[in-house]
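S.K.: Quick one, protein32.pdb (PDB, C-alpha atoms):
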```pdb
ATOM      1  CA  MET E   1      14.812 -18.255 -23.567
ATOM      2  CA  ILE E   2      17.186 -15.308 -23.150
ATOM      3  CA  GLU E   3      16.395 -14.266 -26.715
ATOM      4  CA  PHE E   4      12.654 -14.302 -25.948
ATOM      5  CA  LEU E   5      13.037 -12.326 -22.705
ATOM      6  CA  SER E   6      15.273  -9.713 -24.326
ATOM      7  CA  LYS E   7      13.143  -9.222 -27.446
ATOM      8  CA  LYS E   8      11.947  -5.639 -27.774
ATOM      9  CA  LEU E   9       8.240  -5.161 -27.016
ATOM     10  CA  ASP E  10       5.766  -2.608 -28.327
ATOM     11  CA  TRP E  11       4.413  -0.120 -25.784
ATOM     12  CA  ILE E  12       0.861  -0.565 -27.037
ATOM     13  CA  ASP E  13       0.968  -4.289 -26.152
ATOM     14  CA  VAL E  14       2.528  -3.707 -22.728
ATOM     15  CA  GLU E  15       0.031  -0.971 -21.837
ATOM     16  CA  TYR E  16      -2.829  -3.224 -23.001
ATOM     17  CA  TRP E  17      -1.807  -6.071 -20.667
ATOM     18  CA  PHE E  18      -1.283  -3.727 -17.745
ATOM     19  CA  TYR E  19      -4.741  -2.279 -18.506
ATOM     20  CA  ILE E  20      -6.227  -5.767 -18.196
ATOM     21  CA  LEU E  21      -4.253  -6.630 -15.058
ATOM     22  CA  ASN E  22      -4.530  -3.255 -13.304
ATOM     23  CA  ASP E  23      -7.640  -1.380 -14.430
ATOM     24  CA  LEU E  24     -10.019  -4.163 -15.427
ATOM     25  CA  SER E  25      -9.295  -6.209 -12.282
ATOM     26  CA  LEU E  26     -11.857  -3.968 -10.595
ATOM     27  CA  VAL E  27     -14.521  -5.451 -12.885
ATOM     28  CA  TYR E  28     -13.574  -9.123 -13.032
ATOM     29  CA  ILE E  29     -12.137  -9.694  -9.535
ATOM     30  CA  ILE E  30     -12.493  -6.930  -6.970
ATOM     31  CA  VAL E  31     -16.172  -5.945  -7.262
ATOM     32  CA  PRO E  32     -17.437  -9.549  -7.640
ATOM     33  CA  PHE E  33     -15.297 -10.620  -4.683
ATOM     34  CA  PHE E  34     -16.596  -7.758  -2.542
ATOM     35  CA  VAL E  35     -20.168  -8.819  -3.361
ATOM     36  CA  LEU E  36     -19.222 -12.337  -2.248
ATOM     37  CA  GLU E  37     -17.877 -10.870   0.994
ATOM     38  CA  LEU E  38     -21.166  -9.042   1.585
ATOM     39  CA  VAL E  39     -23.043 -12.320   1.067
ATOM     40  CA  ARG E  40     -20.722 -13.942   3.621
ATOM     41  CA  TYR E  41     -21.303 -11.115   6.104
ATOM     42  CA  ALA E  42     -25.062 -11.530   5.629
ATOM     43  CA  TYR E  43     -24.817 -15.289   6.174
ATOM     44  CA  LEU E  44     -22.823 -14.737   9.384
ATOM     45  CA  LYS E  45     -25.319 -12.035  10.424
ATOM     46  CA  LYS E  46     -22.545  -9.414  10.481
ATOM     47  CA  LEU E  47     -23.930  -7.239   7.680
ATOM     48  CA  ASP E  48     -24.920  -4.361   9.935
ATOM     49  CA  LYS E  49     -25.130  -0.579   9.634
ATOM     50  CA  ASN E  50     -21.606  -0.094  10.973
ATOM     51  CA  LEU E  51     -20.029  -2.309   8.325
ATOM     52  CA  ILE E  52     -22.013  -0.687   5.510
ATOM     53  CA  LEU E  53     -21.123   2.846   6.648
ATOM     54  CA  ASP E  54     -17.488   1.794   7.054
ATOM     55  CA  SER E  55     -17.435   0.524   3.463
ATOM     56  CA  VAL E  56     -19.035   3.744   2.218
ATOM     57  CA  ALA E  57     -16.439   5.787   4.137
ATOM     58  CA  ASN E  58     -13.691   3.696   2.523
ATOM     59  CA  LEU E  59     -14.931   4.531  -0.969
ATOM     60  CA  ILE E  60     -15.309   8.233  -0.132
ATOM     61  CA  THR E  61     -11.732   8.415   1.183
ATOM     62  CA  PHE E  62     -10.635   6.809  -2.077
ATOM     63  CA  GLY E  63     -12.529   9.486  -3.996
ATOM     64  CA  ALA E  64     -10.817  12.229  -1.978
ATOM     65  CA  PHE E  65      -7.449  10.513  -2.459
ATOM     66  CA  PHE E  66      -8.079  10.257  -6.205
ATOM     67  CA  LEU E  67      -9.018  13.912  -6.559
ATOM     68  CA  ILE E  68      -6.206  15.293  -4.418
ATOM     69  CA  GLU E  69      -3.350  12.968  -5.274
ATOM     70  CA  ILE E  70      -4.102  11.576  -8.720
ATOM     71  CA  ILE E  71      -5.879  14.310 -10.697
ATOM     72  CA  LEU E  72      -3.947  17.190  -9.103
ATOM     73  CA  GLY E  73      -0.674  15.394  -8.436
ATOM     74  CA  LEU E  74      -0.109  12.901 -11.244
ATOM     75  CA  LEU E  75       1.003  15.483 -13.815
ATOM     76  CA  ALA E  76       3.519  16.960 -11.388
ATOM     77  CA  ILE E  77       4.695  13.512 -10.325
ATOM     78  CA  THR E  78       5.124  12.368 -13.929
ATOM     79  CA  LYS E  79       7.024  15.532 -14.754
ATOM     80  CA  VAL E  80       9.422  14.863 -11.869
ATOM     81  CA  TYR E  81       9.862  11.267 -13.029
ATOM     82  CA  PHE E  82      10.610  12.299 -16.627
ATOM     83  CA  TRP E  83      12.896  15.130 -15.525
ATOM     84  CA  ILE E  84      14.969  12.658 -13.508
ATOM     85  CA  TYR E  85      14.778  10.122 -16.360
ATOM     86  CA  ASN E  86      16.046  12.626 -18.920
ATOM     87  CA  ASN E  87      18.711  14.290 -16.781
ATOM     88  CA  PHE E  88      19.957  11.976 -14.041
ATOM     89  CA  SER E  89      19.355   8.379 -15.072
ATOM     90  CA  LEU E  90      21.662   5.689 -16.343
ATOM     91  CA  PRO E  91      21.300   4.815 -20.061
ATOM     92  CA  HIS E  92      17.633   4.201 -20.824
ATOM     93  CA  LEU E  93      16.605   0.563 -20.835
ATOM     94  CA  GLU E  94      14.841  -1.086 -23.756
ATOM     95  CA  LEU E  95      11.290  -2.326 -23.178
ATOM     96  CA  ASN E  96      11.369  -6.129 -23.003
ATOM     97  CA  TRP E  97      10.357  -8.922 -20.634
ATOM     98  CA  ILE E  98      13.580  -8.595 -18.653
ATOM     99  CA  THR E  99      12.991  -4.909 -17.930
ATOM    100  CA  ILE E 100       9.306  -5.518 -17.114
ATOM    101  CA  ILE E 101      10.051  -8.355 -14.672
ATOM    102  CA  THR E 102      12.974  -6.578 -13.010
ATOM    103  CA  CYS E 103      10.966  -3.344 -12.779
ATOM    104  CA  LEU E 104       8.165  -5.227 -11.011
ATOM    105  CA  LEU E 105      10.665  -6.741  -8.589
ATOM    106  CA  LEU E 106      12.232  -3.347  -7.889
ATOM    107  CA  ALA E 107       8.813  -1.716  -7.468
ATOM    108  CA  ASP E 108       7.877  -4.424  -4.988
ATOM    109  CA  PHE E 109      11.174  -3.993  -3.097
ATOM    110  CA  ALA E 110      10.682  -0.207  -3.040
ATOM    111  CA  TYR E 111       7.114  -0.708  -1.797
ATOM    112  CA  TYR E 112       8.376  -2.741   1.157
ATOM    113  CA  TRP E 113      10.661   0.077   2.317
ATOM    114  CA  GLU E 114       8.143   2.828   1.553
ATOM    115  CA  HIS E 115       5.475   0.924   3.483
ATOM    116  CA  ARG E 116       7.841   0.360   6.371
ATOM    117  CA  MET E 117       8.661   4.075   6.464
ATOM    118  CA  MET E 118       4.941   4.959   6.496
ATOM    119  CA  HIS E 119       4.632   2.975   9.719
ATOM    120  CA  ARG E 120       7.837   4.094  11.383
ATOM    121  CA  ILE E 121       7.928   7.887  10.986
ATOM    122  CA  GLY E 122       5.376  10.351  12.333
ATOM    123  CA  ILE E 123       4.366  12.060   9.092
ATOM    124  CA  GLY E 124       4.102   8.691   7.327
ATOM    125  CA  TRP E 125       1.817   7.227   9.972
ATOM    126  CA  ALA E 126      -0.273  10.427  10.032
ATOM    127  CA  THR E 127      -1.488   9.595   6.524
ATOM    128  CA  HIS E 128      -1.193   5.787   6.521
ATOM    129  CA  THR E 129      -3.119   5.355   9.777
ATOM    130  CA  VAL E 130      -6.262   6.049   7.734
ATOM    131  CA  HIS E 131      -5.810   2.742   5.935
ATOM    132  CA  HIS E 132      -5.439   0.855   9.216
ATOM    133  CA  SER E 133      -8.224   2.559  11.164
ATOM    134  CA  SER E 134     -11.081   0.329   9.992
ATOM    135  CA  PRO E 135     -12.200  -2.352  12.472
ATOM    136  CA  HIS E 136     -13.209  -4.484   9.460
ATOM    137  CA  PHE E 137     -11.197  -6.291   6.815
ATOM    138  CA  ASN E 138     -12.558  -6.624   3.286
ATOM    139  CA  MET E 139     -11.915  -5.430  -0.264
ATOM    140  CA  SER E 140     -13.316  -1.963   0.433
ATOM    141  CA  VAL E 141     -10.648  -1.401   3.122
ATOM    142  CA  ALA E 142      -8.021  -1.646   0.370
ATOM    143  CA  TYR E 143      -9.389   1.659  -0.961
ATOM    144  CA  ARG E 144      -9.201   3.458   2.373
ATOM    145  CA  PHE E 145      -6.465   6.022   1.714
ATOM    146  CA  GLY E 146      -4.971   8.954   3.571
ATOM    147  CA  PRO E 147      -4.307  12.424   2.111
ATOM    148  CA  LEU E 148      -0.547  11.954   1.459
ATOM    149  CA  ASP E 149      -0.518   8.280   0.494
ATOM    150  CA  ALA E 150       0.442   8.884  -3.151
ATOM    151  CA  ILE E 151       3.084  11.548  -2.536
ATOM    152  CA  MET E 152       5.567   9.973  -0.111
ATOM    153  CA  PRO E 153       6.260   6.833  -2.218
ATOM    154  CA  ILE E 154       7.931   9.061  -4.825
ATOM    155  CA  LEU E 155      11.122   9.038  -2.745
ATOM    156  CA  PHE E 156      11.371   5.284  -3.280
ATOM    157  CA  SER E 157      10.310   5.252  -6.941
ATOM    158  CA  LEU E 158      12.785   7.803  -8.250
ATOM    159  CA  PRO E 159      15.834   5.531  -7.727
ATOM    160  CA  ILE E 160      14.189   3.004 -10.081
ATOM    161  CA  VAL E 161      13.783   5.728 -12.712
ATOM    162  CA  MET E 162      17.429   6.696 -12.172
ATOM    163  CA  LEU E 163      18.423   3.144 -13.102
ATOM    164  CA  GLY E 164      17.059   3.800 -16.593
ATOM    165  CA  TYR E 165      13.543   2.343 -16.359
ATOM    166  CA  ASP E 166      10.898   4.257 -18.265
ATOM    167  CA  PRO E 167       8.768   6.339 -15.822
ATOM    168  CA  ILE E 168       5.521   5.004 -17.299
ATOM    169  CA  LEU E 169       6.685   1.432 -16.770
ATOM    170  CA  VAL E 170       7.610   2.313 -13.172
ATOM    171  CA  LEU E 171       4.139   3.793 -12.552
ATOM    172  CA  LEU E 172       2.429   0.767 -14.136
ATOM    173  CA  ALA E 173       4.531  -1.573 -11.991
ATOM    174  CA  GLU E 174       3.636   0.388  -8.838
ATOM    175  CA  VAL E 175      -0.069   0.166  -9.670
ATOM    176  CA  PHE E 176       0.300  -3.581 -10.235
ATOM    177  CA  VAL E 177       1.804  -3.962  -6.738
ATOM    178  CA  GLN E 178      -1.138  -1.986  -5.306
ATOM    179  CA  VAL E 179      -3.696  -4.089  -7.196
ATOM    180  CA  PHE E 180      -2.079  -7.263  -5.865
ATOM    181  CA  GLN E 181      -2.381  -5.783  -2.364
ATOM    182  CA  THR E 182      -6.083  -5.111  -2.907
ATOM    183  CA  LEU E 183      -6.738  -8.817  -3.404
ATOM    184  CA  LEU E 184      -5.234  -9.586   0.007
ATOM    185  CA  HIS E 185      -7.894  -7.672   1.964
ATOM    186  CA  THR E 186     -10.233 -10.553   2.732
ATOM    187  CA  GLU E 187     -11.148 -13.014   5.458
ATOM    188  CA  ILE E 188     -12.683 -15.482   3.006
ATOM    189  CA  ILE E 189      -9.346 -17.029   2.025
ATOM    190  CA  GLY E 190      -7.521 -18.858   4.800
ATOM    191  CA  LYS E 191      -3.911 -19.984   4.671
ATOM    192  CA  LEU E 192      -2.623 -21.261   1.325
ATOM    193  CA  ILE E 193      -0.151 -24.072   0.666
ATOM    194  CA  LYS E 194       3.239 -23.613   2.372
ATOM    195  CA  PRO E 195       5.354 -22.777  -0.723
ATOM    196  CA  VAL E 196       2.949 -19.960  -1.619
ATOM    197  CA  GLU E 197       2.792 -18.692   1.979
ATOM    198  CA  TYR E 198       6.599 -18.757   2.175
ATOM    199  CA  ILE E 199       7.260 -16.736  -0.994
ATOM    200  CA  PHE E 200       4.221 -14.552  -1.596
ATOM    201  CA  ASN E 201       2.196 -12.114   0.451
ATOM    202  CA  THR E 202      -1.184 -13.713   1.144
ATOM    203  CA  PRO E 203      -4.461 -12.732   2.854
ATOM    204  CA  SER E 204      -3.198 -14.472   6.003
ATOM    205  CA  HIS E 205      -0.003 -12.407   6.047
ATOM    206  CA  HIS E 206      -1.867  -9.198   5.328
ATOM    207  CA  ARG E 207      -4.451  -9.831   8.032
ATOM    208  CA  VAL E 208      -1.524  -9.834  10.455
ATOM    209  CA  HIS E 209      -0.381  -6.503   9.038
ATOM    210  CA  HIS E 210      -3.795  -4.988   9.825
ATOM    211  CA  GLY E 211      -3.885  -6.410  13.336
ATOM    212  CA  SER E 212      -4.024  -4.183  16.408
ATOM    213  CA  ASN E 213      -2.755  -7.121  18.508
ATOM    214  CA  ARG E 214       0.570  -6.005  19.987
ATOM    215  CA  GLN E 215       2.604  -8.837  18.437
ATOM    216  CA  TYR E 216       1.250  -7.870  15.001
ATOM    217  CA  TRP E 217       2.323  -4.218  15.087
ATOM    218  CA  ASP E 218       4.633  -3.160  12.249
ATOM    219  CA  LYS E 219       4.829  -6.594  10.646
ATOM    220  CA  ASN E 220       4.412  -7.962   7.112
ATOM    221  CA  TYR E 221       5.016  -4.813   5.065
ATOM    222  CA  ALA E 222       5.336  -6.749   1.797
ATOM    223  CA  GLY E 223       3.516  -5.965  -1.411
ATOM    224  CA  ILE E 224       3.785  -9.085  -3.565
ATOM    225  CA  LEU E 225       6.714 -11.051  -2.104
ATOM    226  CA  ILE E 226       6.713 -11.809   1.636
ATOM    227  CA  ILE E 227      10.372 -12.780   1.326
ATOM    228  CA  TRP E 228      11.317  -9.124   1.959
ATOM    229  CA  ASP E 229       9.821  -9.386   5.464
ATOM    230  CA  ARG E 230      11.552 -12.706   6.040
ATOM    231  CA  MET E 231      14.872 -11.202   4.930
ATOM    232  CA  PHE E 232      14.624  -8.012   7.001
ATOM    233  CA  GLY E 233      13.132  -9.406  10.215
ATOM    234  CA  THR E 234       9.588  -8.038  10.004
ATOM    235  CA  PHE E 235       7.689 -11.254   9.288
ATOM    236  CA  GLU E 236       5.001 -12.507  11.663
ATOM    237  CA  PRO E 237       2.706 -15.503  10.986
ATOM    238  CA  GLU E 238      -1.008 -15.426  11.672
ATOM    239  CA  VAL E 239      -1.509 -17.341  14.923
ATOM    240  CA  GLU E 240      -3.668 -15.422  17.373
ATOM    241  CA  LYS E 241      -7.032 -14.235  16.013
ATOM    242  CA  VAL E 242      -6.542 -10.814  14.437
ATOM    243  CA  ARG E 243      -8.247  -7.754  15.911
ATOM    244  CA  TYR E 244      -8.397  -5.119  13.185
ATOM    245  CA  GLY E 245      -7.855  -1.408  13.667
ATOM    246  CA  ILE E 246      -5.352   0.846  15.414
ATOM    247  CA  SER E 247      -4.174   1.160  19.014
ATOM    248  CA  GLU E 248      -6.183   4.386  19.452
ATOM    249  CA  PRO E 249      -9.507   3.449  17.790
ATOM    250  CA  LEU E 250     -11.181   6.083  15.634
ATOM    251  CA  ASN E 251     -14.754   4.984  16.465
ATOM    252  CA  SER E 252     -16.246   6.940  13.569
ATOM    253  CA  ASN E 253     -17.537   6.280  10.073
ATOM    254  CA  ASN E 254     -17.609   9.967   9.185
ATOM    255  CA  PRO E 255     -15.491  10.005   5.986
ATOM    256  CA  ILE E 256     -14.083  13.469   6.765
ATOM    257  CA  LYS E 257     -12.925  12.330  10.211
ATOM    258  CA  VAL E 258     -11.604   9.090   8.721
ATOM    259  CA  PHE E 259      -9.637  10.900   6.008
ATOM    260  CA  PHE E 260      -8.086  13.592   8.188
ATOM    261  CA  HIS E 261      -7.852  12.019  11.647
ATOM    262  CA  GLY E 262      -4.163  11.101  11.321
ATOM    263  CA  ILE E 263      -3.154  14.614  10.286
ATOM    264  CA  ILE E 264      -5.276  16.084  13.095
ATOM    265  CA  ARG E 265      -3.679  13.788  15.678
ATOM    266  CA  LEU E 266      -0.232  14.753  14.399
ATOM    267  CA  ALA E 267      -1.127  18.452  14.708
ATOM    268  CA  ARG E 268      -2.310  17.919  18.298
ATOM    269  CA  LYS E 269       0.916  16.132  19.125
ATOM    270  CA  LEU E 270       2.948  18.990  17.653
ATOM    271  CA  LYS E 271       1.013  21.419  19.814
ATOM    272  CA  LYS E 272       1.928  19.455  22.955
ATOM    273  CA  VAL E 273       5.635  19.274  22.131
ATOM    274  CA  ASN E 274       7.917  22.179  23.048
ATOM    275  CA  GLY E 275      10.934  23.305  21.073
ATOM    276  CA  PHE E 276      11.514  23.638  17.339
ATOM    277  CA  LYS E 277      13.870  20.637  17.235
ATOM    278  CA  ASN E 278      11.379  18.371  19.010
ATOM    279  CA  LYS E 279       8.608  19.492  16.666
ATOM    280  CA  LEU E 280      10.765  18.519  13.689
ATOM    281  CA  LEU E 281      11.554  15.181  15.298
ATOM    282  CA  VAL E 282       7.827  14.454  15.620
ATOM    283  CA  PHE E 283       7.736  14.202  11.815
ATOM    284  CA  ILE E 284      10.598  11.723  11.460
ATOM    285  CA  LYS E 285      10.594   9.762  14.722
ATOM    286  CA  PRO E 286       8.312   6.717  15.256
ATOM    287  CA  PRO E 287       4.626   7.592  15.800
ATOM    288  CA  ASP E 288       4.751   6.734  19.528
ATOM    289  CA  TRP E 289       7.834   8.898  20.159
ATOM    290  CA  MET E 290       7.615  11.734  22.662
ATOM    291  CA  PRO E 291      10.536  13.801  23.983
ATOM    292  CA  THR E 292      11.464  13.165  27.585
ATOM    293  CA  ASN E 293      11.234  16.908  28.119
ATOM    294  CA  LYS E 294       8.064  18.009  26.305
TER     295      LYS E 294
END
```
Can you dump the structure from the file as structure tokens?

M.R.:
Amino acid sequence: MIEFLSKKLDWIDVEYWFYILNDLSLVYIIVPFFVLELVRYAYLKKLDKNLILDSVANLITFGAFFLIEIILGLLAITKVYFWIYNNFSLPHLELNWITIITCLLLADFAYYWEHRMMHRIGIGWATHTVHHSSPHFNMSVAYRFGPLDAIMPILFSLPIVMLGYDPILVLLAEVFVQVFQTLLHTEIIGKLIKPVEYIFNTPSHHRVHHGSNRQYWDKNYAGILIIWDRMFGTFEPEVEKVRYGISEPLNSNNPIKVFFHGIIRLARKLKKVNGFKNKLLVFIKPPDWMPTNK
């Protein structure tokens, strides 16, 4: 078994399987499942103009995210990764099943802390609030991104590269964690069997994460494994019916407002706060923080 797991793999094979799991999942899982969700909405007589416009806004924010962060940022990001990899990493690790599995685990662990940071500091929430601002919960919401959502996770990915993992493998692992998250954005699937619910993130756990109910705030940050939340005290089960959205509702399907509303709210908050130090603290303190002396 150890011999099998440690056997060197060819990059072309690894990239092919990640292509099937990451890229093609849009074709064989995500789009068909979203169509099924639309059929369900129609059956429940909830397929109204608001839901359709919300879904359209979600896809437009994804397009903006893709253009700004992926096309313009990916080259720079990859250069940073490879610069760290070539100058500041431990000895480079061979590509085998052990490095793939451990890289996925590390990417998932890093995602937990990155996700938690996006909720708990002002600049993080200014971009991540976009993802939470929809009053609906379906596959299209998974593609509702804010303008800085691909930049801030770099802080948590670079330590993995420094351990000697190939930057491309790290990026592929991060995408895999995101694809897994996409599948959790649904109301169709209820609670799964207890062993699965205990170990893995599930639609039930992720519905809680999107809840605006007070007891659901800042809970269930996990990507793939919910055990991180159980370990670090941020787990909350789905009990009370989830109300989706944010504490200060956006009440708009305008994709421009959706995409930039968090940044605009942060700018307004900065304008209200007096003092250079307090303005800096707005960026790194929790989103609801305000100085006692504004």

S.K.: What does the PyMOL selection byres ((chain E and resi 142) around 10) select in this file, as a list in words?

M.R.: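 Evaluating the PyMOL selection byres ((chain E and resi 142) around 10) on these coordinates yields Asn58, Leu59, Phe62, His131, His132, Phe137, Asn138, Met139, Ser140, Val141, Tyr143, Arg144, Phe145, Gln178, Val179, Gln181, Thr182, Leu183, Leu184, His185 and Thr186 of chain E.
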
S.K.: Run the PyMOL selection byres ((chain E and resi 84) around 10) against the file shown and list the residues it catches, as a PyMOL selection string.

M.R.: chain E and resi 78-83+85-89+158-159+161-162+164+167

S.K.: For range 207-219 of chain E, list every protein, DNA or RNA residue within 7 Å, evaluated using all atoms listed in the file, and leave out those in the same chain fewer than 6 positions away; present the list as a list in words.

M.R.: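 Those residues are His119, His132, Thr234, Phe235, Glu236, Glu238, Val242, Arg243, Tyr244, Gly245, Ile246 and Ser247 of chain E.
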
S.K.: Given the selection you just returned, output its residues as a file containing C-alpha atoms, formatted as a PDB file, in the coordinates of the input.

M.R.:
```pdb
ATOM      1  CA  HIS E 119       4.632   2.975   9.719  1.00  0.00           C
ATOM      2  CA  HIS E 132      -5.439   0.855   9.216  1.00  0.00           C
ATOM      3  CA  THR E 234       9.588  -8.038  10.004  1.00  0.00           C
ATOM      4  CA  PHE E 235       7.689 -11.254   9.288  1.00  0.00           C
ATOM      5  CA  GLU E 236       5.001 -12.507  11.663  1.00  0.00           C
ATOM      6  CA  GLU E 238      -1.008 -15.426  11.672  1.00  0.00           C
ATOM      7  CA  VAL E 242      -6.542 -10.814  14.437  1.00  0.00           C
ATOM      8  CA  ARG E 243      -8.247  -7.754  15.911  1.00  0.00           C
ATOM      9  CA  TYR E 244      -8.397  -5.119  13.185  1.00  0.00           C
ATOM     10  CA  GLY E 245      -7.855  -1.408  13.667  1.00  0.00           C
ATOM     11  CA  ILE E 246      -5.352   0.846  15.414  1.00  0.00           C
ATOM     12  CA  SER E 247      -4.174   1.160  19.014  1.00  0.00           C
TER      13      SER E 247
END
```

S.K.: I need the residue nearest Tyr221 in chain E from this list: E:Met117, E:Leu270, E:Ala107, E:Leu95. Use all atoms listed in the file for the distance.

M.R.: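 Residue with the minimum atom-to-atom distance to Tyr221 in chain E: E:Met117.
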
S.K.: Could you check the closest approach to Tyr112 in chain E for each of E:Ile226, E:Leu90, E:Ile264, E:Met1 and tell me which residue wins, using all atoms listed in the file?

M.R.: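 Going through E:Ile226, E:Leu90, E:Ile264, E:Met1 one by one, the smallest distance to Tyr112 in chain E is for E:Ile226.
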
S.K.: Return the single residue from E:Ile121, E:Val170, E:Leu75, E:Leu36 that is closest to Thr102 in chain E, with distances computed using all atoms listed in the file.

M.R.: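 Looking at the shortest contact to Thr102 in chain E, the residue is E:Val170.
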
S.K.: Could you state the separation of CA of Ile60 in chain E and CA of Pro255 in chain E in Å, given to one decimal place?

M.R.: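 Taking CA of Ile60 in chain E as the start and CA of Pro255 in chain E as the end point, the length is 6.4 Å.
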
S.K.: Carefully work through the PyMOL selection byres ((chain E and resi 279) around 12) for this structure and note down the residues it includes, as number ranges by chain.

M.R.: E: 122-123, 266-278, 280-285, 289-291, 294

S.K.: So how many Å separate CA of Ser204 in chain E and CA of Phe180 in chain E, to one decimal?

M.R.: 13.9 Å

S.K.: Quote the spacing between CA of Ile188 in chain E and CA of Phe33 in chain E in Å to one decimal place.

M.R.: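 Interatomic distance, CA of Ile188 in chain E to CA of Phe33 in chain E: 9.5 Å.
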
S.K.: Looking at E:Ile193, E:Ile160, E:Tyr16, E:Tyr111, which one is nearest to Asn220 in chain E, with distances taken over all atoms listed in the file?

M.R.: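 For Asn220 in chain E, the nearest of the candidates is E:Tyr111.
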
S.K.: List the neighbours of Phe200 in chain E out to 6 Å using all atoms listed in the file; skip same-chain residues closer than 3 positions along the sequence, and give me the result as a ChimeraX atom specification.

M.R.: /E:196-197,224-226

S.K.: Tell me which of E:Asn50, E:Thr292, E:Ala42, E:Ile30 sits closest to Pro135 in chain E, counting all atoms listed in the file.

M.R.: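 Nearest candidate to Pro135 in chain E out of E:Asn50, E:Thr292, E:Ala42, E:Ile30: E:Asn50.
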
S.K.: Using only C-alpha atoms, which residue out of E:Leu26, E:His136, E:Phe4, E:Gly190 lies closest to Leu53 in chain E?

M.R.: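 Using only C-alpha atoms, the shortest distance to Leu53 in chain E belongs to E:His136.
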